[in-house]
Amino acid sequence: MFIIALHFSFGIKAYFYVNILKTMLRFSFLMFLFLVPQLIFSTEKDSCKNNKTTPNKLTQPSHLKKGDTILILAPAGRITGEEAIEAGIELATKWGLEVIYGKHLYTINNTFAGTDEQRLGDLQNALDNPNIKAIWSARGGYGLVRIIDDLDFTEFKKHPKWIIGYSDVTILHNKLHNLGYQTIHGQMPATLDLDNPIQEKSIISLKKTLFGEPLKYKLPASERNRKGKSNGQLVGGNLSILYSMLGSDTSLDTSGKILFIEDIGEALYHIDRIMISLKRAGYFKNCKGLIVGDFRLKKNEGNTFGKTLEDIVLEAVEGTDFPVVFNFPAGHVDDNRALVLGARIELNVTENKVNIKFD
């Protein structure tokens with residue numbers, strides 16, 4: 001009888017523990033089904049957030065010296081002939097540089113300087129050639145976005161060189177910034193006029209950046225500036241291009257950085273749309289400063305939007321406390337001062353002046 005009772009007792013306990021085990025397994029399985037998607041989503045989200053993270057100090061290509069080779073090419077809009085870039089050729093030659101040209105520099109394919117394959121080939125060859133010390137975009141226009149994803153930077157990384165240009169070249173600036181390299185936002189051959197005294201300061205600044213001379217700017221204050229002192233890597237370029245890059249691997253992470261923007265031919269309502277979109281994308285959340293260059297608003301547009309450019313910008317950065325500079329001489333303008341994108345700068349905005357110093 002005792003043995004029967006003992007067996008019965010063990011049977012009850014075994015049944016009890018088995019049920020507990022089954023319950024725990026069911027719970028664990030349900031937790032697995034719930035948590036795994038969360039972990040995957042979190043990982044993907046973090047990956048998307050961090051895939052544009054750049055190092056604290058970007059690689060600076062070697063500064064130029066007399067005898068170095070600079071290549072002029074057209075990776076986007078077409079060039080109508082040598083006369084369109086002769087000022088750039090003359091200037092580079094005056095600086096003691098050897099000037100060479102992309103194979104398809106003067107090729108015309110509708111609005112482009114050749115087909116996508118031709119422009120890609122010219123730019124890829126220039127990136128790969130270790131004897132070329134600087135690549136100077138003849139002009140902007142439109143077209144780099146069509147070839148940017150097909151470029152291979154393997155050889156460029158072994159022999160970094162300066163990339164020079166603005167406007168559509170912003171795409172290439174962004175790409176190289178995210179890869180960890182400094183570039184130059186500055187005058188292009190097609191926009192140069194050596195007889196125009198207004199361009200003198202921009203030409204001097206470009207030479208300083210290329211040949212390694214100290215670069216700093218002291219400017220009068222704008223009454224709409226937001227005062228403050230900051231430092232960080234300088235990033236940015238053409239506002240419309242920055243907007244078009246959102247969500248891609250050529251979008252910028254502006255955390256801890258100072259953003260520069262400029263544009264041409266945009267209506268005020270569209271600038272407002274862009275600035276609000278950048279705000280929603282987190283461009284200003286952890287930004288350290290904002291430098292607003294030249295803006296050539298859409299011609300013949302009455303200000304029916306009801307806000308000025310300054311209103312739009314300051315409204316977009318409400319809730320932040322970093323310094324904001326207006327009227328910096330850079331962009332689609334004769335006085336287009338050179339900026340070393342990716343370099344660290346000190347920005348000091350006071351009531352009477354603006355000081356910008358490049359490390």
# chains A, B, ... in the order shown; residues from 1 in each chain; ligands from 1
>>> closest_atom_pairs(of="stretch 224-292 of chain A", to="stretch 182-185 of chain A", cutoff="10 Å", atoms="only C-alpha atoms", output="JSON lines")
{"residue": "A:Gln233", "atom": "CA", "partner": "A:Gln182", "partner_atom": "CA", "distance": 9.9}
{"residue": "A:Leu234", "atom": "CA", "partner": "A:Gln182", "partner_atom": "CA", "distance": 9.6}
{"residue": "A:Val235", "atom": "CA", "partner": "A:Gln182", "partner_atom": "CA", "distance": 9.6}
{"residue": "A:Gly236", "atom": "CA", "partner": "A:His185", "partner_atom": "CA", "distance": 9.1}
{"residue": "A:Gly237", "atom": "CA", "partner": "A:His185", "partner_atom": "CA", "distance": 7.4}
{"residue": "A:Asn238", "atom": "CA", "partner": "A:His185", "partner_atom": "CA", "distance": 9.9}
>>> write_last_selection(atoms="C-alpha atoms", output="PDB file, in the first residue's frame")
ATOM      1  CA  GLN A 233      33.567  69.816 -38.641  1.00  0.00           C
ATOM      2  CA  LEU A 234      32.220  71.918 -41.485  1.00  0.00           C
ATOM      3  CA  VAL A 235      29.744  70.104 -43.763  1.00  0.00           C
ATOM      4  CA  GLY A 236      27.123  71.008 -46.331  1.00  0.00           C
ATOM      5  CA  GLY A 237      26.802  72.685 -49.706  1.00  0.00           C
ATOM      6  CA  ASN A 238      23.852  73.323 -51.979  1.00  0.00           C
TER       7      ASN A 238
END
>>> residues_around(residues="A:Ile72", least_positions_apart="2", cutoff="10 Å", atoms="only C-alpha atoms", output="list in words")
Thr69, Ile70, Ala74, Pro75, Ile85, Gly88, Ile89, Val99, Ile100, Tyr101, Gly102, Lys103, Leu105, Asp122, Leu123, Ala126, Ala134, Ile135, Trp136, Ser137, Ala138, Arg139, Ile164, Met188 and Pro189 of chain A
>>> write_last_selection(atoms="N, CA and C atoms", output="PDB file, in the first residue's frame")
ATOM      1  N   THR A  69      49.863  68.089 -60.790  1.00  0.00           N
ATOM      2  CA  THR A  69      48.871  67.983 -61.873  1.00  0.00           C
ATOM      3  C   THR A  69      47.460  68.162 -61.334  1.00  0.00           C
ATOM      4  N   ILE A  70      46.715  69.037 -61.978  1.00  0.00           N
ATOM      5  CA  ILE A  70      45.303  69.231 -61.665  1.00  0.00           C
ATOM      6  C   ILE A  70      44.492  68.883 -62.909  1.00  0.00           C
ATOM      7  N   ALA A  74      34.172  67.491 -66.448  1.00  0.00           N
ATOM      8  CA  ALA A  74      32.770  67.905 -66.320  1.00  0.00           C
ATOM      9  C   ALA A  74      31.929  66.685 -65.976  1.00  0.00           C
ATOM     10  N   PRO A  75      31.686  66.447 -64.684  1.00  0.00           N
ATOM     11  CA  PRO A  75      30.931  65.258 -64.276  1.00  0.00           C
ATOM     12  C   PRO A  75      29.415  65.420 -64.344  1.00  0.00           C
ATOM     13  N   ILE A  85      36.115  77.706 -70.038  1.00  0.00           N
ATOM     14  CA  ILE A  85      36.933  77.381 -68.855  1.00  0.00           C
ATOM     15  C   ILE A  85      38.345  77.944 -68.957  1.00  0.00           C
ATOM     16  N   GLY A  88      39.967  79.312 -65.830  1.00  0.00           N
ATOM     17  CA  GLY A  88      40.459  78.300 -64.906  1.00  0.00           C
ATOM     18  C   GLY A  88      41.798  77.733 -65.340  1.00  0.00           C
ATOM     19  N   ILE A  89      41.945  77.525 -66.652  1.00  0.00           N
ATOM     20  CA  ILE A  89      43.219  77.025 -67.188  1.00  0.00           C
ATOM     21  C   ILE A  89      44.324  78.046 -66.927  1.00  0.00           C
ATOM     22  N   VAL A  99      48.049  71.429 -66.077  1.00  0.00           N
ATOM     23  CA  VAL A  99      46.623  71.241 -66.284  1.00  0.00           C
ATOM     24  C   VAL A  99      46.374  70.168 -67.346  1.00  0.00           C
ATOM     25  N   ILE A 100      45.577  69.168 -67.001  1.00  0.00           N
ATOM     26  CA  ILE A 100      45.137  68.166 -67.968  1.00  0.00           C
ATOM     27  C   ILE A 100      43.618  68.109 -67.929  1.00  0.00           C
ATOM     28  N   TYR A 101      43.025  67.368 -68.870  1.00  0.00           N
ATOM     29  CA  TYR A 101      41.577  67.431 -69.041  1.00  0.00           C
ATOM     30  C   TYR A 101      40.957  66.037 -69.117  1.00  0.00           C
ATOM     31  N   GLY A 102      39.716  65.953 -68.672  1.00  0.00           N
ATOM     32  CA  GLY A 102      38.976  64.719 -68.836  1.00  0.00           C
ATOM     33  C   GLY A 102      38.738  64.449 -70.319  1.00  0.00           C
ATOM     34  N   LYS A 103      38.746  63.196 -70.707  1.00  0.00           N
ATOM     35  CA  LYS A 103      38.610  62.811 -72.107  1.00  0.00           C
ATOM     36  C   LYS A 103      37.345  63.374 -72.730  1.00  0.00           C
ATOM     37  N   LEU A 105      35.559  66.077 -71.646  1.00  0.00           N
ATOM     38  CA  LEU A 105      35.278  67.398 -71.098  1.00  0.00           C
ATOM     39  C   LEU A 105      34.358  68.213 -71.999  1.00  0.00           C
ATOM     40  N   ASP A 122      35.445  59.277 -67.009  1.00  0.00           N
ATOM     41  CA  ASP A 122      36.380  60.381 -66.764  1.00  0.00           C
ATOM     42  C   ASP A 122      36.663  60.551 -65.271  1.00  0.00           C
ATOM     43  N   LEU A 123      35.595  60.534 -64.471  1.00  0.00           N
ATOM     44  CA  LEU A 123      35.757  60.745 -63.042  1.00  0.00           C
ATOM     45  C   LEU A 123      36.453  59.560 -62.391  1.00  0.00           C
ATOM     46  N   ALA A 126      40.136  59.673 -63.093  1.00  0.00           N
ATOM     47  CA  ALA A 126      40.778  60.725 -62.307  1.00  0.00           C
ATOM     48  C   ALA A 126      40.968  60.293 -60.851  1.00  0.00           C
ATOM     49  N   ALA A 134      44.665  66.903 -57.819  1.00  0.00           N
ATOM     50  CA  ALA A 134      43.407  67.616 -57.568  1.00  0.00           C
ATOM     51  C   ALA A 134      42.485  67.433 -58.768  1.00  0.00           C
ATOM     52  N   ILE A 135      41.188  67.298 -58.496  1.00  0.00           N
ATOM     53  CA  ILE A 135      40.167  67.180 -59.537  1.00  0.00           C
ATOM     54  C   ILE A 135      39.272  68.405 -59.416  1.00  0.00           C
ATOM     55  N   TRP A 136      39.238  69.195 -60.491  1.00  0.00           N
ATOM     56  CA  TRP A 136      38.500  70.461 -60.482  1.00  0.00           C
ATOM     57  C   TRP A 136      37.306  70.325 -61.416  1.00  0.00           C
ATOM     58  N   SER A 137      36.125  70.366 -60.851  1.00  0.00           N
ATOM     59  CA  SER A 137      34.912  70.291 -61.674  1.00  0.00           C
ATOM     60  C   SER A 137      34.756  71.585 -62.459  1.00  0.00           C
ATOM     61  N   ALA A 138      34.607  71.464 -63.771  1.00  0.00           N
ATOM     62  CA  ALA A 138      34.512  72.649 -64.627  1.00  0.00           C
ATOM     63  C   ALA A 138      33.271  73.477 -64.317  1.00  0.00           C
ATOM     64  N   ARG A 139      32.195  72.785 -63.967  1.00  0.00           N
ATOM     65  CA  ARG A 139      30.936  73.459 -63.642  1.00  0.00           C
ATOM     66  C   ARG A 139      30.041  72.488 -62.881  1.00  0.00           C
ATOM     67  N   ILE A 164      37.314  69.683 -56.013  1.00  0.00           N
ATOM     68  CA  ILE A 164      36.973  71.105 -55.934  1.00  0.00           C
ATOM     69  C   ILE A 164      35.715  71.391 -56.750  1.00  0.00           C
ATOM     70  N   MET A 188      34.706  77.409 -59.634  1.00  0.00           N
ATOM     71  CA  MET A 188      34.941  76.452 -60.708  1.00  0.00           C
ATOM     72  C   MET A 188      35.347  77.221 -61.967  1.00  0.00           C
ATOM     73  N   PRO A 189      36.065  76.570 -62.875  1.00  0.00           N
ATOM     74  CA  PRO A 189      36.541  77.264 -64.078  1.00  0.00           C
ATOM     75  C   PRO A 189      35.463  78.015 -64.851  1.00  0.00           C
TER      76      PRO A 189
END
>>> residues_around(residues="A:Thr209", least_positions_apart="3", cutoff="10 Å", atoms="only C-alpha atoms", output="ChimeraX atom specification")
/A:63-64,162,183-186,204-206,212-215,338-340,358
>>> write_last_selection(atoms="all heavy atoms", output="short mmCIF file (atom, residue, chain, number, x, y, z; two decimals), in the first residue's frame")
data_model
loop_
_atom_site.label_atom_id
_atom_site.label_comp_id
_atom_site.auth_asym_id
_atom_site.auth_seq_id
_atom_site.Cartn_x
_atom_site.Cartn_y
_atom_site.Cartn_z
N HIS A 63 48.55 68.92 -49.73
CA HIS A 63 48.42 70.22 -50.36
C HIS A 63 49.28 70.27 -51.62
O HIS A 63 50.27 69.55 -51.75
CB HIS A 63 48.83 71.32 -49.39
CG HIS A 63 47.84 71.51 -48.28
ND1 HIS A 63 48.12 71.23 -46.95
CD2 HIS A 63 46.55 71.94 -48.30
CE1 HIS A 63 47.05 71.48 -46.21
NE2 HIS A 63 46.09 71.91 -47.00
N LEU A 64 48.86 71.13 -52.54
CA LEU A 64 49.54 71.20 -53.82
C LEU A 64 50.85 71.98 -53.74
O LEU A 64 51.05 72.79 -52.85
CB LEU A 64 48.62 71.85 -54.87
CG LEU A 64 47.27 71.20 -55.12
CD1 LEU A 64 46.59 71.84 -56.32
CD2 LEU A 64 47.40 69.70 -55.33
N TRP A 162 42.43 66.35 -53.75
CA TRP A 162 41.40 67.35 -53.53
C TRP A 162 40.33 67.28 -54.61
O TRP A 162 40.64 67.19 -55.79
CB TRP A 162 42.00 68.75 -53.51
CG TRP A 162 42.83 69.05 -52.31
CD1 TRP A 162 44.19 69.16 -52.24
CD2 TRP A 162 42.35 69.25 -50.98
NE1 TRP A 162 44.59 69.42 -50.96
CE2 TRP A 162 43.48 69.49 -50.15
CE3 TRP A 162 41.08 69.26 -50.39
CZ2 TRP A 162 43.37 69.73 -48.79
CZ3 TRP A 162 40.97 69.50 -49.03
CH2 TRP A 162 42.10 69.74 -48.24
N THR A 183 37.19 67.91 -48.61
CA THR A 183 37.05 68.39 -49.98
C THR A 183 36.94 69.92 -49.94
O THR A 183 36.85 70.51 -48.86
CB THR A 183 35.80 67.79 -50.66
OG1 THR A 183 34.64 68.13 -49.88
CG2 THR A 183 35.92 66.27 -50.78
N ILE A 184 36.93 70.54 -51.12
CA ILE A 184 36.90 72.00 -51.19
C ILE A 184 35.65 72.49 -51.93
O ILE A 184 35.41 72.13 -53.08
CB ILE A 184 38.15 72.56 -51.89
CG1 ILE A 184 39.41 72.20 -51.09
CG2 ILE A 184 38.04 74.08 -52.05
CD1 ILE A 184 40.70 72.57 -51.78
N HIS A 185 34.86 73.30 -51.24
CA HIS A 185 33.72 73.99 -51.84
C HIS A 185 34.25 75.34 -52.31
O HIS A 185 34.63 76.19 -51.50
CB HIS A 185 32.63 74.18 -50.78
CG HIS A 185 31.37 74.81 -51.29
ND1 HIS A 185 31.27 76.15 -51.56
CD2 HIS A 185 30.15 74.27 -51.58
CE1 HIS A 185 30.04 76.42 -51.97
NE2 HIS A 185 29.34 75.30 -51.99
N GLY A 186 34.35 75.52 -53.64
CA GLY A 186 34.94 76.77 -54.14
C GLY A 186 34.68 77.00 -55.61
O GLY A 186 33.98 76.23 -56.28
N ILE A 204 41.86 84.13 -54.07
CA ILE A 204 42.91 84.05 -53.04
C ILE A 204 42.60 82.94 -52.05
O ILE A 204 43.48 82.16 -51.67
CB ILE A 204 43.06 85.40 -52.32
CG1 ILE A 204 43.65 86.45 -53.27
CG2 ILE A 204 43.95 85.25 -51.08
CD1 ILE A 204 43.65 87.87 -52.70
N SER A 205 41.35 82.84 -51.63
CA SER A 205 40.96 81.82 -50.65
C SER A 205 41.10 80.42 -51.23
O SER A 205 41.49 79.48 -50.53
CB SER A 205 39.53 82.05 -50.16
OG SER A 205 38.58 81.83 -51.19
N LEU A 206 40.81 80.25 -52.52
CA LEU A 206 40.96 78.95 -53.16
C LEU A 206 42.42 78.54 -53.20
O LEU A 206 42.76 77.38 -52.93
CB LEU A 206 40.37 78.98 -54.57
CG LEU A 206 40.47 77.67 -55.36
CD1 LEU A 206 39.76 76.53 -54.63
CD2 LEU A 206 39.89 77.84 -56.76
N GLY A 212 47.78 75.01 -48.84
CA GLY A 212 48.04 74.79 -47.41
C GLY A 212 48.33 76.01 -46.58
O GLY A 212 48.93 75.91 -45.50
N GLU A 213 47.89 77.19 -47.03
CA GLU A 213 48.07 78.39 -46.24
C GLU A 213 46.93 78.52 -45.23
O GLU A 213 45.82 78.03 -45.48
CB GLU A 213 48.11 79.63 -47.14
CG GLU A 213 49.24 79.63 -48.14
CD GLU A 213 49.22 80.85 -49.05
OE1 GLU A 213 48.84 81.93 -48.55
OE2 GLU A 213 49.55 80.71 -50.23
N PRO A 214 47.18 79.16 -44.08
CA PRO A 214 46.12 79.30 -43.08
C PRO A 214 44.90 80.02 -43.66
O PRO A 214 45.03 80.97 -44.44
CB PRO A 214 46.78 80.15 -41.98
CG PRO A 214 48.25 79.92 -42.17
CD PRO A 214 48.45 79.75 -43.64
N LEU A 215 43.71 79.54 -43.27
CA LEU A 215 42.48 80.11 -43.81
C LEU A 215 41.59 80.57 -42.66
O LEU A 215 41.28 79.80 -41.75
CB LEU A 215 41.74 79.06 -44.65
CG LEU A 215 40.46 79.52 -45.36
CD1 LEU A 215 40.77 80.59 -46.40
CD2 LEU A 215 39.75 78.33 -46.00
N ALA A 338 36.29 80.12 -50.63
CA ALA A 338 36.55 78.68 -50.49
C ALA A 338 36.28 78.21 -49.07
O ALA A 338 36.56 78.92 -48.09
CB ALA A 338 37.98 78.36 -50.89
N LEU A 339 35.74 77.01 -48.96
CA LEU A 339 35.47 76.36 -47.68
C LEU A 339 36.03 74.95 -47.74
O LEU A 339 35.79 74.22 -48.70
CB LEU A 339 33.98 76.31 -47.39
CG LEU A 339 33.25 77.65 -47.24
CD1 LEU A 339 31.75 77.45 -47.28
CD2 LEU A 339 33.67 78.35 -45.96
N VAL A 340 36.76 74.56 -46.70
CA VAL A 340 37.27 73.19 -46.63
C VAL A 340 36.25 72.35 -45.88
O VAL A 340 36.15 72.40 -44.66
CB VAL A 340 38.64 73.13 -45.92
CG1 VAL A 340 39.19 71.69 -45.98
CG2 VAL A 340 39.62 74.09 -46.58
N PHE A 358 39.82 78.09 -39.63
CA PHE A 358 39.99 76.68 -39.98
C PHE A 358 41.22 76.12 -39.28
O PHE A 358 42.27 76.77 -39.24
CB PHE A 358 40.16 76.52 -41.50
CG PHE A 358 38.89 76.75 -42.27
CD1 PHE A 358 38.41 78.04 -42.50
CD2 PHE A 358 38.17 75.69 -42.79
CE1 PHE A 358 37.24 78.26 -43.21
CE2 PHE A 358 37.00 75.89 -43.49
CZ PHE A 358 36.53 77.18 -43.71
#
>>> closest_atom_pairs(of="stretch 177-290 of chain A", to="stretch 306-328 of chain A", cutoff="6 Å", atoms="only C-alpha atoms", output="tab-separated table")
residue	atom	partner	partner_atom	distance
A:Asn225	CA	A:Val325	CA	5.1
A:Arg226	CA	A:Val324	CA	4.8
A:Lys227	CA	A:Pro323	CA	5.2
A:Gly228	CA	A:Pro323	CA	4.6
A:Asp272	CA	A:Ile312	CA	5.7
A:Ile276	CA	A:Ala316	CA	5.9
A:Lys288	CA	A:Phe322	CA	5.4
A:Gly289	CA	A:Phe322	CA	5.0
A:Leu290	CA	A:Val324	CA	4.8
>>> write_last_selection(atoms="N, CA and C atoms", output="CSV table (one decimal), in the first residue's frame")
chain,number,residue,atom,x,y,z
A,225,ASN,N,21.8,87.6,-37.5
A,225,ASN,CA,22.6,86.5,-36.9
A,225,ASN,C,22.2,86.1,-35.5
A,226,ARG,N,22.5,84.9,-35.2
A,226,ARG,CA,22.2,84.5,-33.8
A,226,ARG,C,23.6,84.3,-33.2
A,227,LYS,N,23.9,85.0,-32.1
A,227,LYS,CA,25.2,85.0,-31.5
A,227,LYS,C,25.5,83.7,-30.8
A,228,GLY,N,26.8,83.5,-30.7
A,228,GLY,CA,27.3,82.3,-30.0
A,228,GLY,C,28.7,81.9,-30.5
A,272,ASP,N,11.4,77.0,-47.6
A,272,ASP,CA,10.7,76.6,-46.3
A,272,ASP,C,10.5,75.1,-46.3
A,276,ILE,N,12.2,72.7,-43.4
A,276,ILE,CA,11.3,71.9,-42.5
A,276,ILE,C,11.6,70.4,-42.6
A,288,LYS,N,26.0,72.0,-34.5
A,288,LYS,CA,26.8,72.9,-33.6
A,288,LYS,C,26.8,74.3,-34.2
A,289,GLY,N,26.2,74.5,-35.4
A,289,GLY,CA,26.2,75.9,-36.0
A,289,GLY,C,25.7,75.8,-37.4
A,290,LEU,N,25.2,77.0,-37.9
A,290,LEU,CA,24.7,77.1,-39.2
A,290,LEU,C,25.2,78.3,-39.9
>>> closest_residue(among="A:Gln199, A:Gln118, A:Asn125, A:Asn56", to="A:Leu71", atoms="only C-alpha atoms")
A:Asn125
